[in-house]
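Dumped query.cif below, it's mmCIF, C-alpha atoms:
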```cif
data_model
#
loop_
_atom_site.label_atom_id
_atom_site.label_comp_id
_atom_site.auth_asym_id
_atom_site.auth_seq_id
_atom_site.Cartn_x
_atom_site.Cartn_y
_atom_site.Cartn_z
CA MET A 72 -89.53 -146.23 -98.02
CA ILE A 73 -89.68 -146.11 -101.81
CA ILE A 74 -93.19 -144.72 -101.62
CA LEU A 75 -92.00 -141.90 -99.33
CA VAL A 76 -89.17 -141.03 -101.73
CA VAL A 77 -91.59 -140.91 -104.65
CA ILE A 78 -93.93 -138.67 -102.67
CA LEU A 79 -91.07 -136.27 -101.87
CA ILE A 80 -90.06 -136.11 -105.54
CA LEU A 81 -93.65 -135.36 -106.54
CA LEU A 82 -93.87 -132.64 -103.87
CA ALA A 83 -90.71 -131.04 -105.27
CA LEU A 84 -92.09 -131.17 -108.81
CA ILE A 85 -95.33 -129.41 -107.84
CA GLY A 86 -93.46 -126.53 -106.24
CA THR A 87 -93.11 -127.43 -102.56
CA PRO A 88 -90.30 -125.32 -101.02
CA LEU A 89 -87.01 -127.10 -101.58
CA PHE A 90 -85.86 -126.79 -97.96
CA ALA A 91 -89.04 -128.58 -96.80
CA VAL A 92 -88.49 -131.44 -99.25
CA MET A 93 -84.80 -131.73 -98.27
CA GLY A 94 -85.66 -131.61 -94.56
CA ALA A 95 -88.24 -134.35 -94.97
CA GLY A 96 -85.75 -136.33 -97.05
CA GLY A 97 -83.20 -136.00 -94.26
CA LEU A 98 -85.69 -137.31 -91.70
CA VAL A 99 -86.59 -140.23 -93.95
CA ALA A 100 -82.92 -141.03 -94.57
CA SER A 101 -81.99 -140.83 -90.87
CA HIS A 102 -84.91 -143.11 -89.99
CA ALA A 103 -83.87 -145.63 -92.66
CA ALA A 104 -80.30 -145.60 -91.34
CA GLU A 105 -81.55 -145.89 -87.74
CA LEU A 106 -79.77 -142.67 -86.79
CA ASP A 107 -80.86 -139.95 -84.41
CA PRO A 108 -82.51 -137.14 -86.45
CA SER A 109 -80.61 -134.66 -84.26
CA ILE A 110 -77.67 -135.22 -86.62
CA LEU A 111 -79.45 -132.81 -88.98
CA ILE A 112 -79.46 -130.09 -86.31
CA ILE A 113 -75.76 -130.68 -85.64
CA GLU A 114 -75.06 -129.68 -89.24
CA LEU A 115 -76.95 -126.43 -88.69
CA TYR A 116 -74.70 -125.69 -85.72
CA ARG A 117 -71.59 -126.49 -87.78
CA LEU A 118 -72.84 -124.16 -90.50
CA ALA A 119 -73.40 -121.34 -87.99
CA SER A 120 -69.81 -121.69 -86.75
CA GLN A 121 -68.29 -121.15 -90.21
CA PRO A 122 -66.04 -118.06 -89.95
CA ASN A 123 -66.74 -116.87 -93.50
CA LEU A 124 -70.52 -117.28 -93.34
CA ILE A 125 -71.17 -113.68 -92.28
CA ALA A 126 -69.65 -112.50 -95.59
CA ILE A 127 -72.73 -113.75 -97.49
CA PRO A 128 -75.32 -111.43 -95.87
CA LEU A 129 -72.88 -108.50 -95.84
CA PHE A 130 -72.07 -108.73 -99.56
CA THR A 131 -75.75 -109.34 -100.32
CA PHE A 132 -76.69 -106.20 -98.40
CA ALA A 133 -74.06 -104.25 -100.34
CA GLY A 134 -75.38 -105.51 -103.68
CA ILE A 135 -79.04 -104.80 -102.92
CA THR A 136 -78.16 -101.34 -101.58
CA LEU A 137 -76.23 -100.63 -104.78
CA ALA A 138 -79.21 -101.81 -106.85
CA SER A 139 -81.63 -99.67 -104.83
CA GLY A 140 -79.58 -96.52 -105.32
CA ASP A 141 -78.31 -94.92 -108.49
CA GLY A 142 -75.35 -97.24 -108.93
CA THR A 143 -76.83 -98.95 -112.00
CA LYS A 144 -77.15 -95.68 -113.95
CA ARG A 145 -73.66 -94.52 -113.00
CA LEU A 146 -72.22 -97.89 -113.96
CA ILE A 147 -73.88 -97.94 -117.38
CA LYS A 148 -72.89 -94.33 -118.08
CA LEU A 149 -69.24 -95.06 -117.26
CA PHE A 150 -68.95 -98.19 -119.41
CA ASN A 151 -70.87 -96.55 -122.23
CA ALA A 152 -68.36 -93.69 -122.26
CA LEU A 153 -65.44 -96.13 -122.22
CA LEU A 154 -66.76 -98.74 -124.66
CA GLY A 155 -69.83 -97.37 -126.42
CA TRP A 156 -67.83 -95.92 -129.33
CA MET A 157 -66.74 -99.40 -130.50
CA PRO A 158 -68.63 -101.55 -133.04
CA GLY A 159 -71.19 -103.39 -130.96
CA GLY A 160 -70.22 -101.03 -128.14
CA LEU A 161 -73.60 -100.93 -126.41
CA ALA A 162 -73.74 -104.73 -126.35
CA ILE A 163 -70.26 -104.80 -124.78
CA VAL A 164 -71.42 -102.19 -122.26
CA THR A 165 -74.30 -104.53 -121.39
CA ILE A 166 -71.96 -107.51 -120.94
CA VAL A 167 -69.45 -105.66 -118.73
CA SER A 168 -72.07 -103.79 -116.67
CA CYS A 169 -74.09 -106.92 -115.96
CA SER A 170 -71.01 -108.95 -115.00
CA VAL A 171 -69.86 -106.30 -112.51
CA PHE A 172 -73.36 -105.93 -111.11
CA THR A 173 -73.91 -109.70 -110.77
CA ALA A 174 -70.61 -110.10 -108.93
CA PHE A 175 -72.01 -107.85 -106.18
CA THR A 176 -75.66 -108.87 -106.14
CA GLY A 177 -75.28 -112.58 -106.83
CA ALA A 178 -77.11 -114.32 -109.66
CA SER A 179 -80.44 -113.73 -107.96
CA GLY A 180 -82.23 -112.12 -110.87
CA VAL A 181 -81.53 -108.60 -109.62
CA THR A 182 -79.28 -107.93 -112.61
CA ILE A 183 -81.98 -108.68 -115.18
CA ILE A 184 -84.59 -106.74 -113.24
CA ALA A 185 -82.45 -103.69 -112.44
CA LEU A 186 -80.25 -103.35 -115.51
CA GLY A 187 -82.73 -104.84 -117.95
CA ALA A 188 -85.10 -101.94 -117.33
CA LEU A 189 -82.36 -99.52 -118.39
CA LEU A 190 -80.50 -101.44 -121.08
CA TYR A 191 -83.33 -103.02 -123.06
CA PRO A 192 -84.76 -99.66 -124.23
CA MET A 193 -81.24 -98.46 -125.02
CA LEU A 194 -80.51 -101.54 -127.12
CA GLU A 195 -83.82 -101.24 -128.96
CA HIS A 196 -83.19 -97.54 -129.63
CA ALA A 197 -79.78 -98.48 -131.06
CA GLN A 198 -81.63 -100.71 -133.56
CA TYR A 199 -80.48 -104.06 -132.22
CA ARG A 200 -82.82 -106.86 -133.22
CA GLN A 201 -85.21 -108.02 -130.51
CA ARG A 202 -83.83 -111.56 -130.52
CA PHE A 203 -80.30 -110.30 -129.93
CA CYS A 204 -81.46 -107.96 -127.12
CA LEU A 205 -83.40 -110.70 -125.33
CA GLY A 206 -80.60 -113.24 -125.69
CA LEU A 207 -77.93 -110.82 -124.53
CA LEU A 208 -79.80 -109.60 -121.43
CA THR A 209 -80.97 -113.08 -120.42
CA THR A 210 -77.43 -114.42 -120.72
CA SER A 211 -75.88 -111.44 -118.95
CA GLY A 212 -78.00 -112.08 -115.87
CA SER A 213 -75.53 -114.68 -114.62
CA LEU A 214 -72.25 -113.23 -115.92
CA GLY A 215 -69.90 -112.27 -113.12
CA LEU A 216 -70.36 -115.42 -111.01
CA LEU A 217 -66.60 -116.01 -111.11
CA PHE A 218 -65.64 -112.46 -110.06
CA PRO A 219 -65.18 -111.27 -106.44
CA PRO A 220 -67.20 -111.00 -104.29
CA SER A 221 -69.46 -113.63 -105.91
CA MET A 222 -71.87 -115.23 -103.45
CA ALA A 223 -71.61 -118.53 -105.35
CA ILE A 224 -67.83 -118.65 -104.80
CA LEU A 225 -68.26 -117.79 -101.12
CA LEU A 226 -70.77 -120.61 -100.70
CA TYR A 227 -68.65 -123.09 -102.65
CA GLY A 228 -65.64 -122.29 -100.48
CA ILE A 229 -67.66 -122.75 -97.29
CA VAL A 230 -69.11 -126.10 -98.38
CA SER A 231 -65.97 -127.56 -99.98
CA GLY A 232 -63.34 -126.22 -97.60
CA VAL A 233 -61.34 -124.80 -100.53
CA SER A 234 -59.71 -121.42 -99.95
CA ILE A 235 -62.07 -118.64 -101.02
CA ASP A 236 -59.10 -116.41 -101.86
CA ASP A 237 -57.77 -119.10 -104.23
CA LEU A 238 -61.19 -119.47 -105.87
CA PHE A 239 -61.42 -115.71 -106.41
CA LEU A 240 -57.98 -115.66 -108.05
CA SER A 241 -58.72 -118.72 -110.18
CA GLY A 242 -62.04 -117.36 -111.40
CA MET A 243 -60.64 -114.09 -112.72
CA MET A 244 -59.11 -115.28 -115.99
CA PRO A 245 -61.99 -117.63 -116.99
CA GLY A 246 -64.44 -114.83 -116.25
CA LEU A 247 -62.49 -112.36 -118.39
CA VAL A 248 -62.16 -114.90 -121.22
CA LEU A 249 -65.94 -115.34 -121.28
CA LEU A 250 -66.49 -111.57 -121.43
CA LEU A 251 -63.98 -111.36 -124.27
CA MET A 252 -65.67 -114.16 -126.23
CA LEU A 253 -69.12 -112.61 -125.84
CA SER A 254 -67.74 -109.18 -126.74
CA ILE A 255 -66.14 -110.52 -129.93
CA PHE A 256 -69.48 -112.08 -130.86
CA SER A 257 -71.17 -108.72 -130.25
CA ILE A 258 -68.61 -106.90 -132.41
CA TYR A 259 -69.02 -109.50 -135.15
CA SER A 260 -72.81 -109.12 -135.00
CA ALA A 261 -72.82 -105.31 -134.96
CA PRO A 262 -72.24 -104.68 -138.70
CA LYS A 263 -75.10 -107.03 -139.54
CA LEU A 264 -77.31 -105.19 -137.11
CA ASP A 265 -76.33 -101.79 -138.52
CA THR A 266 -76.05 -100.36 -135.01
CA PRO A 267 -74.99 -96.73 -134.50
CA LYS A 268 -72.28 -95.76 -132.05
CA HIS A 269 -71.18 -92.46 -130.52
CA ASP A 270 -67.74 -90.96 -131.14
CA PHE A 271 -64.89 -91.51 -128.72
CA SER A 272 -64.76 -88.56 -126.33
CA TRP A 273 -62.33 -87.88 -123.50
CA HIS A 274 -64.75 -85.26 -122.21
CA ARG A 275 -67.53 -87.83 -121.93
CA ILE A 276 -65.18 -90.26 -120.16
CA ILE A 277 -63.97 -87.64 -117.66
CA ILE A 278 -67.54 -86.65 -116.75
CA ALA A 279 -68.52 -90.32 -116.26
CA LEU A 280 -65.40 -90.93 -114.15
CA ARG A 281 -66.19 -87.96 -111.92
CA GLU A 282 -69.72 -89.20 -111.31
CA SER A 283 -68.68 -92.79 -110.62
CA ILE A 284 -65.34 -92.30 -108.86
CA TRP A 285 -66.79 -93.60 -105.59
CA ASP A 286 -68.16 -96.67 -107.36
CA ILE A 287 -64.79 -97.34 -108.97
CA MET A 288 -63.08 -97.30 -105.59
CA MET A 289 -65.32 -100.11 -104.31
CA PRO A 290 -63.83 -102.97 -106.38
CA VAL A 291 -60.38 -101.49 -105.72
CA LEU A 292 -61.13 -101.79 -102.00
CA ILE A 293 -62.24 -105.41 -102.39
CA PHE A 294 -59.39 -106.56 -104.65
CA THR A 295 -56.70 -104.81 -102.64
CA GLY A 296 -58.05 -106.03 -99.34
CA ILE A 297 -58.42 -109.67 -100.37
CA PHE A 298 -55.46 -110.28 -102.66
CA CYS A 299 -52.91 -108.21 -100.74
CA GLY A 300 -53.82 -109.95 -97.49
CA PHE A 301 -54.70 -106.79 -95.57
CA VAL A 302 -58.11 -108.07 -94.42
CA THR A 303 -60.05 -111.32 -94.31
CA ILE A 304 -63.08 -112.10 -96.47
CA THR A 305 -65.39 -111.27 -93.57
CA GLU A 306 -63.67 -107.96 -92.86
CA VAL A 307 -63.72 -106.85 -96.50
CA ALA A 308 -67.42 -107.78 -96.65
CA ALA A 309 -68.14 -105.54 -93.66
CA LEU A 310 -66.10 -102.71 -95.18
CA THR A 311 -67.90 -103.08 -98.51
CA ALA A 312 -71.34 -102.99 -96.87
CA ALA A 313 -70.44 -99.86 -94.88
CA TYR A 314 -68.86 -98.23 -97.94
CA VAL A 315 -71.91 -98.82 -100.18
CA LEU A 316 -74.30 -97.59 -97.49
CA PHE A 317 -72.21 -94.42 -97.05
CA LEU A 318 -72.03 -93.95 -100.83
CA GLU A 319 -75.78 -94.20 -101.44
CA THR A 320 -76.96 -92.32 -98.33
CA VAL A 321 -74.34 -89.56 -97.93
CA ILE A 322 -72.56 -89.13 -101.28
CA SER A 323 -75.25 -89.77 -103.90
CA LYS A 324 -78.15 -89.29 -101.43
CA LYS A 325 -80.36 -91.71 -103.37
CA ILE A 326 -81.28 -93.78 -100.30
CA HIS A 327 -82.98 -92.42 -97.21
CA LEU A 328 -82.05 -94.23 -94.02
CA ILE A 329 -85.51 -94.11 -92.45
CA ARG A 330 -87.63 -94.52 -95.58
CA ASP A 331 -85.56 -96.93 -97.71
CA LEU A 332 -83.23 -98.85 -95.40
CA PRO A 333 -85.96 -101.08 -93.85
CA HIS A 334 -87.00 -102.28 -97.32
CA ILE A 335 -83.37 -103.02 -98.23
CA LEU A 336 -82.89 -104.99 -95.00
CA ILE A 337 -86.07 -106.97 -95.67
CA ASP A 338 -84.95 -107.83 -99.20
CA THR A 339 -81.51 -108.82 -97.89
CA THR A 340 -82.80 -111.04 -95.10
CA THR A 341 -85.36 -112.66 -97.40
CA LEU A 342 -82.71 -113.61 -99.96
CA VAL A 343 -80.04 -114.64 -97.46
CA GLY A 344 -82.56 -116.44 -95.24
CA SER A 345 -83.80 -118.57 -98.12
CA ILE A 346 -80.23 -119.51 -99.00
CA LEU A 347 -79.21 -120.32 -95.43
CA ILE A 348 -82.31 -122.46 -94.80
CA ILE A 349 -81.57 -124.52 -97.91
CA LEU A 350 -77.88 -124.63 -96.98
CA GLY A 351 -78.47 -125.86 -93.44
CA VAL A 352 -81.03 -128.51 -94.34
CA ALA A 353 -79.12 -129.72 -97.39
CA MET A 354 -75.88 -130.05 -95.43
CA GLY A 355 -77.65 -132.35 -92.98
CA LEU A 356 -79.01 -134.49 -95.82
CA THR A 357 -75.64 -134.52 -97.58
CA ASN A 358 -73.91 -135.63 -94.39
CA LEU A 359 -76.25 -138.62 -94.22
CA LEU A 360 -75.41 -139.50 -97.82
CA ILE A 361 -71.71 -139.32 -97.01
CA ASP A 362 -72.19 -141.48 -93.90
CA SER A 363 -73.89 -144.06 -96.12
CA GLN A 364 -70.66 -144.07 -98.22
CA LEU A 365 -72.52 -142.98 -101.34
CA PRO A 366 -69.43 -141.15 -102.76
CA MET A 367 -67.34 -144.32 -102.35
CA LYS A 368 -69.99 -146.42 -104.05
CA LEU A 369 -70.15 -143.91 -106.92
CA LEU A 370 -66.37 -143.98 -107.17
CA ALA A 371 -66.36 -147.77 -107.38
CA VAL A 372 -68.88 -147.69 -110.22
CA ILE A 373 -67.07 -144.91 -112.10
CA GLU A 374 -63.68 -146.61 -111.80
CA GLN A 375 -65.09 -149.61 -113.65
CA HIS A 376 -65.97 -147.52 -116.71
CA VAL A 377 -63.73 -144.43 -116.63
CA ASP A 378 -60.02 -144.87 -117.24
CA SER A 379 -58.66 -141.33 -117.47
CA GLN A 380 -59.03 -137.81 -116.12
CA LEU A 381 -60.13 -136.70 -119.60
CA GLN A 382 -63.09 -139.07 -119.57
CA PHE A 383 -63.97 -138.18 -116.00
CA LEU A 384 -64.06 -134.45 -116.75
CA LEU A 385 -66.25 -135.01 -119.80
CA LEU A 386 -68.75 -137.06 -117.78
CA LEU A 387 -68.55 -134.52 -114.95
CA ASN A 388 -69.50 -131.69 -117.30
CA LEU A 389 -72.44 -133.63 -118.72
CA PHE A 390 -73.63 -134.43 -115.20
CA LEU A 391 -73.24 -130.86 -113.96
CA LEU A 392 -75.04 -129.43 -117.00
CA ILE A 393 -78.00 -131.66 -116.10
CA VAL A 394 -77.76 -130.60 -112.45
CA GLY A 395 -77.64 -126.93 -113.49
CA ALA A 396 -80.75 -127.41 -115.60
CA MET A 397 -82.64 -129.06 -112.72
CA MET A 398 -81.49 -127.27 -109.54
CA ASP A 399 -80.75 -123.73 -108.45
CA ILE A 400 -77.07 -122.97 -107.95
CA PHE A 401 -77.11 -122.74 -104.16
CA SER A 402 -78.87 -126.08 -103.66
CA ALA A 403 -76.59 -127.71 -106.23
CA ILE A 404 -73.47 -126.48 -104.44
CA VAL A 405 -74.57 -127.86 -101.08
CA VAL A 406 -75.92 -131.19 -102.30
CA VAL A 407 -73.52 -132.11 -105.11
CA VAL A 408 -70.13 -130.69 -104.10
CA PRO A 409 -69.49 -133.06 -101.15
CA LEU A 410 -70.32 -135.99 -103.42
CA ILE A 411 -68.04 -135.12 -106.36
CA ILE A 412 -64.95 -133.89 -104.48
CA PRO A 413 -63.77 -137.44 -103.53
CA LEU A 414 -64.32 -138.55 -107.13
CA ALA A 415 -62.34 -135.59 -108.52
CA LEU A 416 -59.46 -136.19 -106.11
CA ARG A 417 -59.29 -139.81 -107.26
CA TYR A 418 -58.66 -138.56 -110.81
CA ASN A 419 -56.15 -135.92 -109.64
CA VAL A 420 -58.34 -132.94 -110.48
CA ASP A 421 -57.14 -129.83 -108.64
CA PRO A 422 -59.83 -128.82 -106.06
CA VAL A 423 -59.70 -125.16 -107.13
CA HIS A 424 -59.92 -126.13 -110.82
CA LEU A 425 -62.89 -128.36 -109.93
CA GLY A 426 -64.61 -125.41 -108.22
CA ILE A 427 -64.35 -123.19 -111.32
CA ILE A 428 -65.59 -126.02 -113.57
CA PHE A 429 -68.51 -126.59 -111.21
CA LEU A 430 -69.54 -122.94 -111.08
CA ALA A 431 -69.11 -122.50 -114.85
CA ASN A 432 -71.52 -125.38 -115.46
CA LEU A 433 -74.09 -123.91 -113.11
CA GLU A 434 -73.66 -120.47 -114.69
CA ILE A 435 -74.74 -122.07 -117.96
CA GLY A 436 -77.59 -123.78 -116.11
CA TYR A 437 -79.14 -120.36 -115.41
CA MET A 438 -80.21 -120.20 -119.05
CA THR A 439 -81.26 -123.79 -119.71
CA PRO A 440 -84.73 -125.23 -119.09
CA PRO A 441 -86.54 -126.54 -117.14
CA VAL A 442 -85.28 -124.59 -114.09
CA GLY A 443 -83.15 -121.93 -115.76
CA ILE A 444 -83.94 -119.03 -113.44
CA ASN A 445 -82.76 -116.40 -115.93
CA LEU A 446 -85.37 -117.60 -118.42
CA PHE A 447 -88.20 -117.23 -115.90
CA ILE A 448 -87.08 -113.82 -114.63
CA ALA A 449 -86.49 -112.50 -118.16
CA SER A 450 -89.90 -113.87 -119.19
CA GLN A 451 -91.54 -111.83 -116.44
CA ARG A 452 -89.38 -108.76 -117.04
CA PHE A 453 -89.71 -108.57 -120.84
CA LYS A 454 -93.17 -110.22 -121.17
CA GLN A 455 -91.91 -112.90 -123.56
CA PRO A 456 -92.51 -116.68 -123.62
CA ILE A 457 -89.75 -118.84 -122.17
CA LEU A 458 -89.32 -120.83 -125.40
CA LYS A 459 -88.64 -117.61 -127.33
CA LEU A 460 -86.09 -116.52 -124.73
CA PHE A 461 -84.31 -119.89 -124.87
CA HIS A 462 -84.20 -119.61 -128.67
CA SER A 463 -82.75 -116.10 -128.31
CA THR A 464 -80.03 -117.24 -125.91
CA PHE A 465 -78.95 -120.22 -128.06
CA PRO A 466 -75.99 -118.48 -129.82
CA PHE A 467 -74.73 -117.27 -126.44
CA LEU A 468 -75.22 -120.76 -125.00
CA ILE A 469 -73.01 -122.26 -127.72
CA ILE A 470 -70.27 -119.73 -126.89
CA MET A 471 -70.51 -120.57 -123.19
CA LEU A 472 -70.27 -124.31 -123.89
CA ILE A 473 -67.07 -123.71 -125.90
CA TRP A 474 -65.82 -121.62 -122.97
CA LEU A 475 -66.65 -124.47 -120.58
CA LEU A 476 -64.55 -126.90 -122.61
CA MET A 477 -61.66 -124.41 -122.58
CA ILE A 478 -61.85 -124.11 -118.78
CA THR A 479 -62.04 -127.87 -118.39
CA TYR A 480 -59.17 -128.91 -120.63
CA ILE A 481 -56.87 -125.89 -120.29
CA PRO A 482 -56.12 -125.91 -116.53
CA PHE A 483 -53.78 -122.94 -116.94
CA LEU A 484 -56.83 -120.67 -117.19
CA THR A 485 -57.61 -121.41 -113.54
CA THR A 486 -54.19 -122.25 -112.11
CA TRP A 487 -52.16 -119.47 -113.79
CA TRP A 488 -51.42 -117.75 -110.50
CA GLN A 489 -49.97 -120.93 -108.99
CA ASP A 490 -47.23 -121.26 -111.62
#
```
Conversion result in C-alpha cells:
Amino acid sequence: MIILVVILILLALIGTPLFAVMGAGGLVASHAAELDPSILIIELYRLASQPNLIAIPLFTFAGITLASGDGTKRLIKLFNALLGWMPGGLAIVTIVSCSVFTAFTGASGVTIIALGALLYPMLEHAQYRQRFCLGLLTTSGSLGLLFPPSMAILLYGIVSGVSIDDLFLSGMMPGLVLLLMLSIFSIYSAPKLDTPKHDFSWHRIIIALRESIWDIMMPVLIFTGIFCGFVTITEVAALTAAYVLFLETVISKKIHLIRDLPHILIDTTTLVGSILIILGVAMGLTNLLIDSQLPMKLLAVIEQHVDSQLQFLLLLNLFLLIVGAMMDIFSAIVVVVPLIIPLALRYNVDPVHLGIIFLANLEIGYMTPPVGINLFIASQRFKQPILKLFHSTFPFLIIMLIWLLMITYIPFLTTWWQD
C-alpha cells in the first residue's frame, strides 16, 4: 500500500493530471478500507445534484465572452479616466481593472493574458520600472477572488455548505481593503518612479462612461440581484451570461455568433470541465478520508498542542500558505475544506470567516512557488524567468501577508454585515 502511495505522489510530481492521481488514490483508499469503489461515483452524482453548480459554467462563459470582446479596453479606459490623474494612477488603474476582471473570469490566468497585453506597454510607456510592472501585473492576476461572482467563492460554498450570499458579502470589505493597501503602495512608489499622469478631466470621464455604460450595468445587475434577494445565484448567473453575450454581439459587435461563439464555448467547457473533473474525483477521495475519521484524528492531535483560537488560526494560516504553494485553488478547496471545517468549529471560528481566510491564503498562493500559477503564466506572457518574477512580486507579497493577518485577527472585516 505504501508503495502505491509513493508511486501516486511521484506521478503527481512528474505532471500526471491531478484528477487521474486523485481517482487512483480514491481507488487505492477504497480498496484499503474494503469499501465498494462505487462510493466514488456516488459523490459524482451528489455533485451533479448541487443546485448552485450550474452557476460556475454560466459565470465562466460570461467572463470568457467579456475577455474575447472589447470589454478589457473599455474597462481600462474607464478606470484610467477616473483614476489615472492621481499619483501612481496607472498602477491603481491596473489594480482595479484586474480585480474586476478576475472576479468575472476566475483566477484562471485570463487576467494576466488579456489585460497584461494592454497594461504592460502602458506602464512601460509611463516610465514605471520593469520590476514594478512585472510585480504589479503578476500580483493583480489573482486580485478579485473575494468579489462577486468569484468562481472560487462559488466552489467553496458548494463544497462547504456555507451560504454563497454570505460569502459574497463577507468578501467585499477584505477585498476592498487589499485594493486600498496596494493602491497606497503604488501612490507611495510613484514619486520615486517619476511617473507622469494626465490631468483630471470631466470630459474624458463622460466619454469613457458613455462607452462603458453597458459594462457598468453588469455588476449592478449582479449585486442588486444577489444582495436584494430578487434572484438566486443560478438565476443571476444565467442573466449575466445572456447580458454579456448580448453586449458583445449586439451592442459592441465585437463577437460574431457563427465565427467566434464556438471558440468561446470550447474555452468555457475546457476550463469548467477540468474543474468539475477534479471536483468530482476529489470529493470522492475526501469522503473516504472523512469516513476514516481523519478530521477527528487531526483534531485530537491538535487539541493536545493548541490551547486557543489565536494559536489555531496562526497554524491554519501557515498550513494554508503551504497548501496554496503546492496545489491549485480548486483542488485545495475540494480536498482541504472538508478536513478543516470540523477543526475550525471546535475552536469557534465562524464558518464564513473561515472561508474568507481560506480563500485569502490561496490568493497569496497564486504568486508563491513551486506551483504559483500566476508566476508561470506571467513567465510565458512577459518572457521572464520565474525567479525574477517572484523577486518582483515580493513587496506585494509582504503587503498581502499583512492583509492576511488583518483578516484573520480582525473578524469585523468579514462579519461587519452581521452586526
Show me a table, sorted first by chain and then by increasing residue number, of the residues of region 198-311 of chain A having an atom at most 8 Å from region 400-414 of chain A, each with its shortest atom pair and the distance in Å to one decimal, counting all atoms listed in the file and written as a Markdown table.
```
| residue | atom | partner | partner_atom | distance |
| --- | --- | --- | --- | --- |
| A:Ala223 | CA | A:Phe401 | CA | 7.0 |
| A:Leu226 | CA | A:Ile404 | CA | 7.5 |
| A:Tyr227 | CA | A:Ile404 | CA | 6.2 |
| A:Val230 | CA | A:Val405 | CA | 6.3 |
| A:Ser231 | CA | A:Pro409 | CA | 6.6 |
```
Two-atom distance - CA of Ile78 (chain A), CA of Gly395 (chain A) (Å): 22.8 Å
Which residue of A:Ile127, A:Leu146, A:Leu238, A:Ala95 approaches Trp488 (chain A) most closely, using only C-alpha atoms: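 When distances to Trp488 (chain A) are compared using only C-alpha atoms, the smallest one comes from A:Leu238.
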Residues matched by the PyMOL selection byres ((chain A and resi 291-300) around 12), written as a compact mmCIF listing (two decimals) with C-alpha atoms, keeping the file's coordinate frame:
```txt
# COMPACT_ATOMS: atom_id res chain seq x y z
CA PHE A 130 -72.07 -108.73 -99.56
CA ALA A 174 -70.61 -110.10 -108.93
CA PHE A 175 -72.01 -107.85 -106.18
CA PHE A 218 -65.64 -112.46 -110.06
CA PRO A 219 -65.18 -111.27 -106.44
CA PRO A 220 -67.20 -111.00 -104.29
CA SER A 221 -69.46 -113.63 -105.91
CA SER A 234 -59.71 -121.42 -99.95
CA ILE A 235 -62.07 -118.64 -101.02
CA ASP A 236 -59.10 -116.41 -101.86
CA ASP A 237 -57.77 -119.10 -104.23
CA LEU A 238 -61.19 -119.47 -105.87
CA PHE A 239 -61.42 -115.71 -106.41
CA LEU A 240 -57.98 -115.66 -108.05
CA SER A 241 -58.72 -118.72 -110.18
CA MET A 243 -60.64 -114.09 -112.72
CA ILE A 284 -65.34 -92.30 -108.86
CA TRP A 285 -66.79 -93.60 -105.59
CA ASP A 286 -68.16 -96.67 -107.36
CA ILE A 287 -64.79 -97.34 -108.97
CA MET A 288 -63.08 -97.30 -105.59
CA MET A 289 -65.32 -100.11 -104.31
CA PRO A 290 -63.83 -102.97 -106.38
CA PHE A 301 -54.70 -106.79 -95.57
CA VAL A 302 -58.11 -108.07 -94.42
CA THR A 303 -60.05 -111.32 -94.31
CA ILE A 304 -63.08 -112.10 -96.47
CA THR A 305 -65.39 -111.27 -93.57
CA GLU A 306 -63.67 -107.96 -92.86
CA VAL A 307 -63.72 -106.85 -96.50
CA ALA A 308 -67.42 -107.78 -96.65
CA ALA A 309 -68.14 -105.54 -93.66
CA LEU A 310 -66.10 -102.71 -95.18
CA THR A 311 -67.90 -103.08 -98.51
CA ALA A 312 -71.34 -102.99 -96.87
CA ALA A 313 -70.44 -99.86 -94.88
CA TYR A 314 -68.86 -98.23 -97.94
CA VAL A 315 -71.91 -98.82 -100.18
CA TRP A 488 -51.42 -117.75 -110.50
```
Answer as a PyMOL selection string, residues within 10 Å of (-67.3, -128.3, -114.1) using all atoms listed in the file: chain A and resi 384-392+424-433+475-476+478-479
Run the PyMOL selection byres ((chain A and resi 270) around 12) against the file shown and list the residues it catches, as a CSV table (one decimal) with C-alpha atoms, in the frame of the given file.
```csv
chain,number,residue,atom,x,y,z
A,151,ASN,CA,-70.9,-96.6,-122.2
A,152,ALA,CA,-68.4,-93.7,-122.3
A,153,LEU,CA,-65.4,-96.1,-122.2
A,154,LEU,CA,-66.8,-98.7,-124.7
A,155,GLY,CA,-69.8,-97.4,-126.4
A,156,TRP,CA,-67.8,-95.9,-129.3
A,157,MET,CA,-66.7,-99.4,-130.5
A,158,PRO,CA,-68.6,-101.6,-133.0
A,160,GLY,CA,-70.2,-101.0,-128.1
A,267,PRO,CA,-75.0,-96.7,-134.5
A,268,LYS,CA,-72.3,-95.8,-132.0
A,269,HIS,CA,-71.2,-92.5,-130.5
A,271,PHE,CA,-64.9,-91.5,-128.7
A,272,SER,CA,-64.8,-88.6,-126.3
A,273,TRP,CA,-62.3,-87.9,-123.5
A,274,HIS,CA,-64.8,-85.3,-122.2
A,275,ARG,CA,-67.5,-87.8,-121.9
A,276,ILE,CA,-65.2,-90.3,-120.2
```
Å distance separating CA of Pro192 (chain A) from CA of Asp331 (chain A), one decimal place: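 CA of Asp331 (chain A) lies at a distance of 26.7 Å from CA of Pro192 (chain A).
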A:His196, A:Ala162, A:Leu208, A:Lys148 ranked by distance to Ile258 (chain A), top pick (using all atoms listed in the file):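 Among the listed residues, A:Ala162 lies closest to Ile258 (chain A).
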Counting all atoms listed in the file, the residue of A:Ala449, A:Val377, A:Leu82, A:Leu194 that sits nearest Thr182 (chain A):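 Answer, going by the shortest atom-to-atom distance: A:Ala449.
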Expansion of the PyMOL selection byres ((chain A and resi 170) around 8) into residues, as number ranges by chain: A: 166-169, 171-174, 211-216
Nearest residue to Asp338 (chain A) from the set A:Thr131, A:Gly94, A:Ile125, A:Asp421 (distances using only C-alpha atoms):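 Among A:Thr131, A:Gly94, A:Ile125, A:Asp421, it is A:Thr131 that comes nearest to Asp338 (chain A).
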Separation of CA of Gly436 (chain A) from CA of Phe256 (chain A) in Å: 20.5 Å
